[in-house]
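**Student:** Sharing final20.csv (CSV, C-alpha atoms) below.
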chain,number,residue,atom,x,y,z
A,2,GLU,CA,9.9,1.1,5.0
A,3,ARG,CA,13.2,1.3,6.9
A,4,SER,CA,11.8,-0.8,9.8
A,5,LEU,CA,10.7,-3.5,7.3
A,6,ALA,CA,14.1,-3.6,5.6
A,7,ALA,CA,16.0,-4.0,8.8
A,8,PRO,CA,13.5,-5.2,11.5
A,9,ASN,CA,15.4,-4.8,14.8
A,10,SER,CA,12.1,-5.1,16.6
A,11,ILE,CA,8.8,-6.6,15.6
A,12,ARG,CA,7.2,-4.2,18.0
A,13,LEU,CA,8.7,-1.2,16.1
A,14,VAL,CA,7.4,-2.5,12.8
A,15,GLY,CA,3.9,-2.9,14.3
A,16,PHE,CA,4.1,0.6,15.9
A,17,ALA,CA,5.0,2.2,12.5
A,18,TYR,CA,2.1,0.4,10.8
A,19,LYS,CA,-0.3,1.5,13.5
A,20,GLU,CA,0.7,5.1,13.1
A,21,LEU,CA,0.2,4.9,9.3
A,22,ALA,CA,-3.2,3.2,9.6
A,23,MET,CA,-4.3,5.7,12.2
A,24,TRP,CA,-3.3,8.7,10.0
A,25,GLN,CA,-5.4,7.3,7.1
A,26,GLN,CA,-8.4,6.7,9.3
A,27,THR,CA,-8.1,10.2,10.8
A,28,HIS,CA,-7.6,12.1,7.6
A,29,GLU,CA,-9.4,10.1,4.9
A,30,TRP,CA,-12.2,12.7,4.7
A,31,ASP,CA,-10.0,15.8,4.9
A,32,GLN,CA,-10.8,18.3,2.1
A,33,ASP,CA,-7.1,18.7,1.3
A,34,LEU,CA,-6.4,14.9,1.0
A,35,GLN,CA,-6.1,15.1,-2.8
A,36,SER,CA,-3.3,17.7,-2.5
A,37,VAL,CA,-1.6,15.5,0.1
A,38,LEU,CA,-1.7,12.5,-2.3
A,39,GLU,CA,-0.3,14.7,-5.1
A,40,ARG,CA,2.7,15.6,-3.0
A,41,VAL,CA,3.2,12.0,-1.9
A,42,ASP,CA,3.1,10.7,-5.5
A,43,ALA,CA,5.5,13.4,-6.6
A,44,GLY,CA,7.9,12.5,-3.8
A,45,HIS,CA,9.4,9.2,-2.6
A,46,TYR,CA,6.1,7.3,-2.4
A,47,PRO,CA,4.2,7.1,-5.7
A,48,ALA,CA,1.4,4.5,-5.8
A,49,TRP,CA,3.6,1.7,-7.1
A,50,ARG,CA,5.9,2.0,-4.1
A,51,ARG,CA,3.0,2.2,-1.6
A,52,GLN,CA,1.7,-1.0,-3.1
A,53,ALA,CA,5.1,-2.7,-2.8
A,54,LEU,CA,5.3,-1.5,0.8
A,55,GLU,CA,1.9,-3.0,1.6
A,56,GLU,CA,3.1,-6.3,0.1
A,57,ALA,CA,6.3,-6.2,2.1
A,58,TYR,CA,4.2,-5.8,5.3
A,59,ARG,CA,1.9,-8.7,4.4
A,60,LEU,CA,5.0,-10.9,3.9
A,61,PHE,CA,6.6,-9.8,7.1
A,62,TYR,CA,3.4,-10.4,9.0
A,63,ASP,CA,3.1,-14.0,7.5
A,64,ASP,CA,6.8,-14.7,8.5
A,65,VAL,CA,6.1,-13.7,12.1
A,66,ALA,CA,2.9,-15.6,12.2
A,67,LYS,CA,4.5,-18.8,10.9
A,68,ARG,CA,7.3,-18.6,13.5
A,69,GLY,CA,4.6,-18.6,16.2
A,70,THR,CA,6.2,-15.9,18.3
A,71,PRO,CA,4.1,-14.1,20.9
A,72,GLU,CA,5.2,-10.9,19.3
A,73,ILE,CA,2.6,-11.4,16.6
A,74,GLU,CA,0.3,-9.6,19.0
A,75,ASP,CA,2.4,-6.4,18.4
A,76,LEU,CA,1.6,-6.5,14.7
A,77,PRO,CA,-1.8,-5.4,13.4
A,78,GLU,CA,-3.2,-7.7,10.8
A,79,PRO,CA,-2.7,-6.5,7.2
A,80,PRO,CA,-5.7,-4.6,5.6
A,81,THR,CA,-8.6,-6.8,4.7
A,82,SER,CA,-10.1,-7.0,1.2
A,83,GLU,CA,-13.0,-4.8,2.3
A,84,GLU,CA,-10.6,-2.2,3.7
A,85,ILE,CA,-8.7,-1.9,0.4
A,86,GLY,CA,-11.9,-1.7,-1.6
A,87,TYR,CA,-11.5,-5.3,-3.0
A,88,ARG,CA,-8.5,-4.3,-5.0
A,89,ARG,CA,-6.9,-7.3,-6.7
A,90,LEU,CA,-3.8,-8.6,-4.9
A,91,ASN,CA,-0.6,-10.0,-6.2
A,92,GLU,CA,-1.5,-13.5,-7.4
A,93,GLN,CA,1.5,-15.1,-5.6
A,94,LEU,CA,0.4,-13.5,-2.3
A,95,VAL,CA,-3.1,-15.0,-2.7
A,96,ALA,CA,-1.7,-18.4,-3.6
A,97,GLY,CA,0.6,-18.5,-0.6
A,98,ARG,CA,3.8,-18.9,-2.6
A,99,ALA,CA,5.2,-15.5,-1.8
A,100,SER,CA,6.5,-16.2,1.7
A,101,VAL,CA,8.9,-18.9,0.6
A,102,GLN,CA,10.4,-16.8,-2.3
A,103,ASN,CA,13.5,-14.7,-1.8
A,104,VAL,CA,12.2,-12.3,-4.5
A,105,LEU,CA,8.6,-11.4,-5.0
A,106,PRO,CA,8.1,-9.6,-8.4
A,107,GLY,CA,5.3,-7.1,-8.5
A,108,LYS,CA,3.7,-4.6,-10.8
A,109,TYR,CA,1.4,-1.6,-10.5
A,110,GLU,CA,-0.8,-0.8,-13.4
A,111,ASP,CA,-2.8,2.4,-14.1
A,112,ARG,CA,-5.7,2.7,-16.5
A,113,SER,CA,-7.2,5.7,-14.8
A,114,CYS,CA,-7.0,7.8,-18.0
A,115,THR,CA,-8.7,5.5,-20.4
A,116,LYS,CA,-9.2,1.8,-20.9
A,117,PHE,CA,-7.1,2.1,-24.1
A,118,ALA,CA,-4.1,3.5,-22.3
A,119,MET,CA,-2.1,1.7,-19.6
A,120,THR,CA,1.1,2.4,-17.7
A,121,ARG,CA,2.9,-0.2,-15.6
A,122,TRP,CA,5.6,0.1,-13.0
A,123,GLU,CA,7.5,-3.1,-12.1
A,124,TYR,CA,9.3,-3.7,-8.8
A,125,GLU,CA,10.7,-6.4,-6.5
A,126,VAL,CA,10.1,-7.1,-2.8
A,127,VAL,CA,13.4,-8.8,-1.7
A,128,LYS,CA,13.9,-10.9,1.4
A,129,VAL,CA,17.0,-9.8,3.3
A,130,PRO,CA,18.9,-11.6,6.1
A,131,PRO,CA,18.1,-10.8,9.8
A,132,VAL,CA,20.2,-8.0,11.3
A,133,VAL,CA,20.7,-10.0,14.5
A,134,ASP,CA,21.0,-13.8,15.1
A,135,GLY,CA,17.6,-15.3,15.5
A,136,GLY,CA,15.9,-12.2,14.2
A,137,MET,CA,13.3,-11.9,11.5
A,138,CYS,CA,14.2,-11.5,7.8
A,139,GLY,CA,13.5,-8.1,6.4
A,140,ARG,CA,11.9,-7.0,3.1
A,141,LYS,CA,13.3,-4.3,0.9
A,142,ILE,CA,11.9,-2.7,-2.2
A,143,ASN,CA,13.8,-2.5,-5.5
A,144,ALA,CA,12.4,-0.4,-8.3
A,145,GLY,CA,12.1,-2.0,-11.7
A,146,SER,CA,11.1,-0.9,-15.1
A,147,PHE,CA,8.4,1.5,-16.3
A,148,PHE,CA,6.3,0.7,-19.3
A,149,GLN,CA,3.8,2.8,-21.3
A,150,ASP,CA,1.4,1.1,-23.6
A,151,ALA,CA,2.1,1.9,-27.3
A,152,VAL,CA,-1.5,2.7,-27.8
A,153,LEU,CA,-1.0,5.7,-25.5
A,154,GLY,CA,1.4,7.2,-27.9
A,155,LYS,CA,-1.0,6.9,-30.7
A,156,LEU,CA,-3.7,8.6,-28.7
A,157,ALA,CA,-1.5,11.5,-27.7
A,158,GLY,CA,-2.3,13.4,-30.9
A,159,ALA,CA,-6.1,12.9,-30.5
A,160,VAL,CA,-6.7,13.1,-26.8
A,161,PRO,CA,-6.0,16.1,-24.5
A,162,MET,CA,-3.3,14.5,-22.4
A,163,ALA,CA,-2.4,17.4,-20.2
A,164,GLY,CA,-5.6,17.1,-18.3
A,165,CYS,CA,-5.6,13.4,-17.8
A,166,CYS,CA,-2.9,10.9,-18.7
A,167,SER,CA,-0.1,13.2,-17.8
A,168,ARG,CA,-1.3,13.2,-14.2
A,169,ARG,CA,-1.1,9.8,-12.6
A,170,VAL,CA,-2.3,10.5,-9.1
A,171,VAL,CA,-4.8,8.3,-7.1
A,172,GLU,CA,-8.1,10.1,-6.6
A,173,ALA,CA,-8.7,10.8,-2.9
A,174,ARG,CA,-12.3,9.6,-3.2
A,175,LYS,CA,-11.1,6.2,-4.4
A,176,ALA,CA,-8.1,5.8,-2.1
A,177,ARG,CA,-8.5,2.9,0.3
A,178,GLY,CA,-6.6,1.4,3.2
A,179,PRO,CA,-3.5,2.5,5.1
A,180,PHE,CA,-1.4,2.9,2.0
A,181,LEU,CA,-4.0,5.0,0.2
A,182,LEU,CA,-4.2,2.9,-2.9
A,183,PRO,CA,-7.0,2.9,-5.5
A,184,GLU,CA,-10.0,0.8,-4.8
A,185,GLY,CA,-11.0,-2.2,-6.9
A,186,SER,CA,-13.7,-2.2,-9.5
A,187,HIS,CA,-16.2,-4.0,-7.1
A,188,ALA,CA,-15.8,-1.5,-4.3
A,189,ALA,CA,-19.0,0.1,-2.9
A,190,PRO,CA,-18.9,3.9,-2.9
A,191,LYS,CA,-17.2,5.4,0.1
A,192,ARG,CA,-19.6,7.3,2.5
A,193,PRO,CA,-18.4,9.7,5.2
A,194,PRO,CA,-19.1,8.7,8.8
A,195,PRO,CA,-22.1,10.3,10.6
A,196,MET,CA,-21.3,13.7,12.0
A,197,ASP,CA,-21.6,12.4,15.6
A,198,ALA,CA,-19.3,9.4,15.0
A,199,PRO,CA,-16.3,9.3,17.4
A,200,SER,CA,-12.9,10.2,16.0
A,201,PRO,CA,-10.6,7.2,15.4
A,202,MET,CA,-8.2,8.8,17.7
A,203,HIS,CA,-10.6,8.3,20.6
A,204,ASN,CA,-10.8,4.6,20.0
A,205,ALA,CA,-7.2,4.0,19.1
A,206,ASP,CA,-5.0,1.8,21.3
A,207,VAL,CA,-1.6,3.1,20.1
A,208,THR,CA,0.9,3.2,22.9
A,209,PHE,CA,4.6,2.8,22.8
A,210,GLU,CA,7.1,2.7,25.6
A,211,GLY,CA,10.9,2.5,25.5
Could you show the structure in this file as structure tokens?
**Tutor:**
Amino acid sequence: ERSLAAPNSIRLVGFAYKELAMWQQTHEWDQDLQSVLERVDAGHYPAWRRQALEEAYRLFYDDVAKRGTPEIEDLPEPPTSEEIGYRRLNEQLVAGRASVQNVLPGKYEDRSCTKFAMTRWEYEVVKVPPVVDGGMCGRKINAGSFFQDAVLGKLAGAVPMAGCCSRRVVEARKARGPFLLPEGSHAAPKRPPPMDAPSPMHNADVTFEG
């Protein structure tokens, strides 16, 4: 997030993303991934902020690609629809309007408890001026408002909330992509790789010098 907010080097942004993607590929089938997600959600990176960070990276990648600089080779492409489990993206990103906006409003909605209950976190991905002349603009994340559906309050007296709605953590078996966000409704079930499949670390080309 720091490298996106003040991108001194396109290469450093790409290296940070590669490390994140490699961690996800290496650990997505770990038995303790659920406890890791719980700690992440309880810390500085709940699901809404991870979604905002993914959007910030997509915007930065588009900015670099439009400039036509050779350094685009240092940036891995953002995760594909398949890699994120066909999760629905911000409509302004899909329409191509987001890259020209100074502020991209976003929201993360959670209906994991019941279809009758919804919580929503709002945020902004803000374009910031380059830190050096001729550099790339950065993208920073501003937290917005938190909303809880009024229906949730009505259900509180009838539904055992402690075991469900009070715990808003992405399920590890449904977490997709480098930012470990919930898959979309059309995602095929995740299946572990064959036992003899090579580790992602063996195929990774993650090097950094200087």
**Student:** Quick one, how far is CA of Gln26 in chain A from CA of Ala96 in chain A?
**Tutor:** 29.0 Å
**Student:** Restricting the calculation to all atoms listed in the file, which member of A:Val41, A:Ala22, A:Val126, A:Leu5 is positioned closest to Pro79 in chain A?
**Tutor:**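 The shortest atom-to-atom distance to Pro79 in chain A comes from A:Ala22.
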**Student:** Write out as a ChimeraX atom specification each polymer residue whose atoms come within 12 Å of range 67-69 of chain A, counting all atoms listed in the file; drop sequence neighbours fewer than 6 positions from it.
**Tutor:** /A:60-61,100-101,135-138
**Student:** Those same residues, written as a compact mmCIF listing (two decimals), keeping the file's coordinate frame with C-alpha atoms?
**Tutor:**
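Saved result, out.txt, follows:
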# COMPACT_ATOMS: atom_id res chain seq x y z
CA LEU A 60 5.00 -10.90 3.90
CA PHE A 61 6.60 -9.80 7.10
CA SER A 100 6.50 -16.20 1.70
CA VAL A 101 8.90 -18.90 0.60
CA GLY A 135 17.60 -15.30 15.50
CA GLY A 136 15.90 -12.20 14.20
CA MET A 137 13.30 -11.90 11.50
CA CYS A 138 14.20 -11.50 7.80
**Student:** Could you name the residues that touch Val14 in chain A at 10 Å or less, counting only C-alpha atoms, but leaving out those on the same chain fewer than 2 positions away, as a ChimeraX atom specification?
**Tutor:** /A:2-12,16-19,58,61-62,75-77
**Student:** Have a look at A:Gly44, A:Gly86, A:Pro194, A:Pro106 and name the one nearest to Gly178 in chain A; count all atoms listed in the file.
**Tutor:**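 That would be A:Gly86, the residue with the smallest distance to Gly178 in chain A.
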**Student:** Check the smallest atom-to-atom distance from each of A:Asp63, A:Glu83, A:Glu172, A:Glu74 to Ala48 in chain A using only C-alpha atoms, then report the winner.
**Tutor:**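 Looking at the shortest contact to Ala48 in chain A, the residue is A:Glu172.
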**Student:** What gap, in Å, lies between CA of His187 in chain A and CA of Arg174 in chain A?
**Tutor:**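 Atom-to-atom, CA of His187 in chain A to CA of Arg174 in chain A, that is 14.7 Å.
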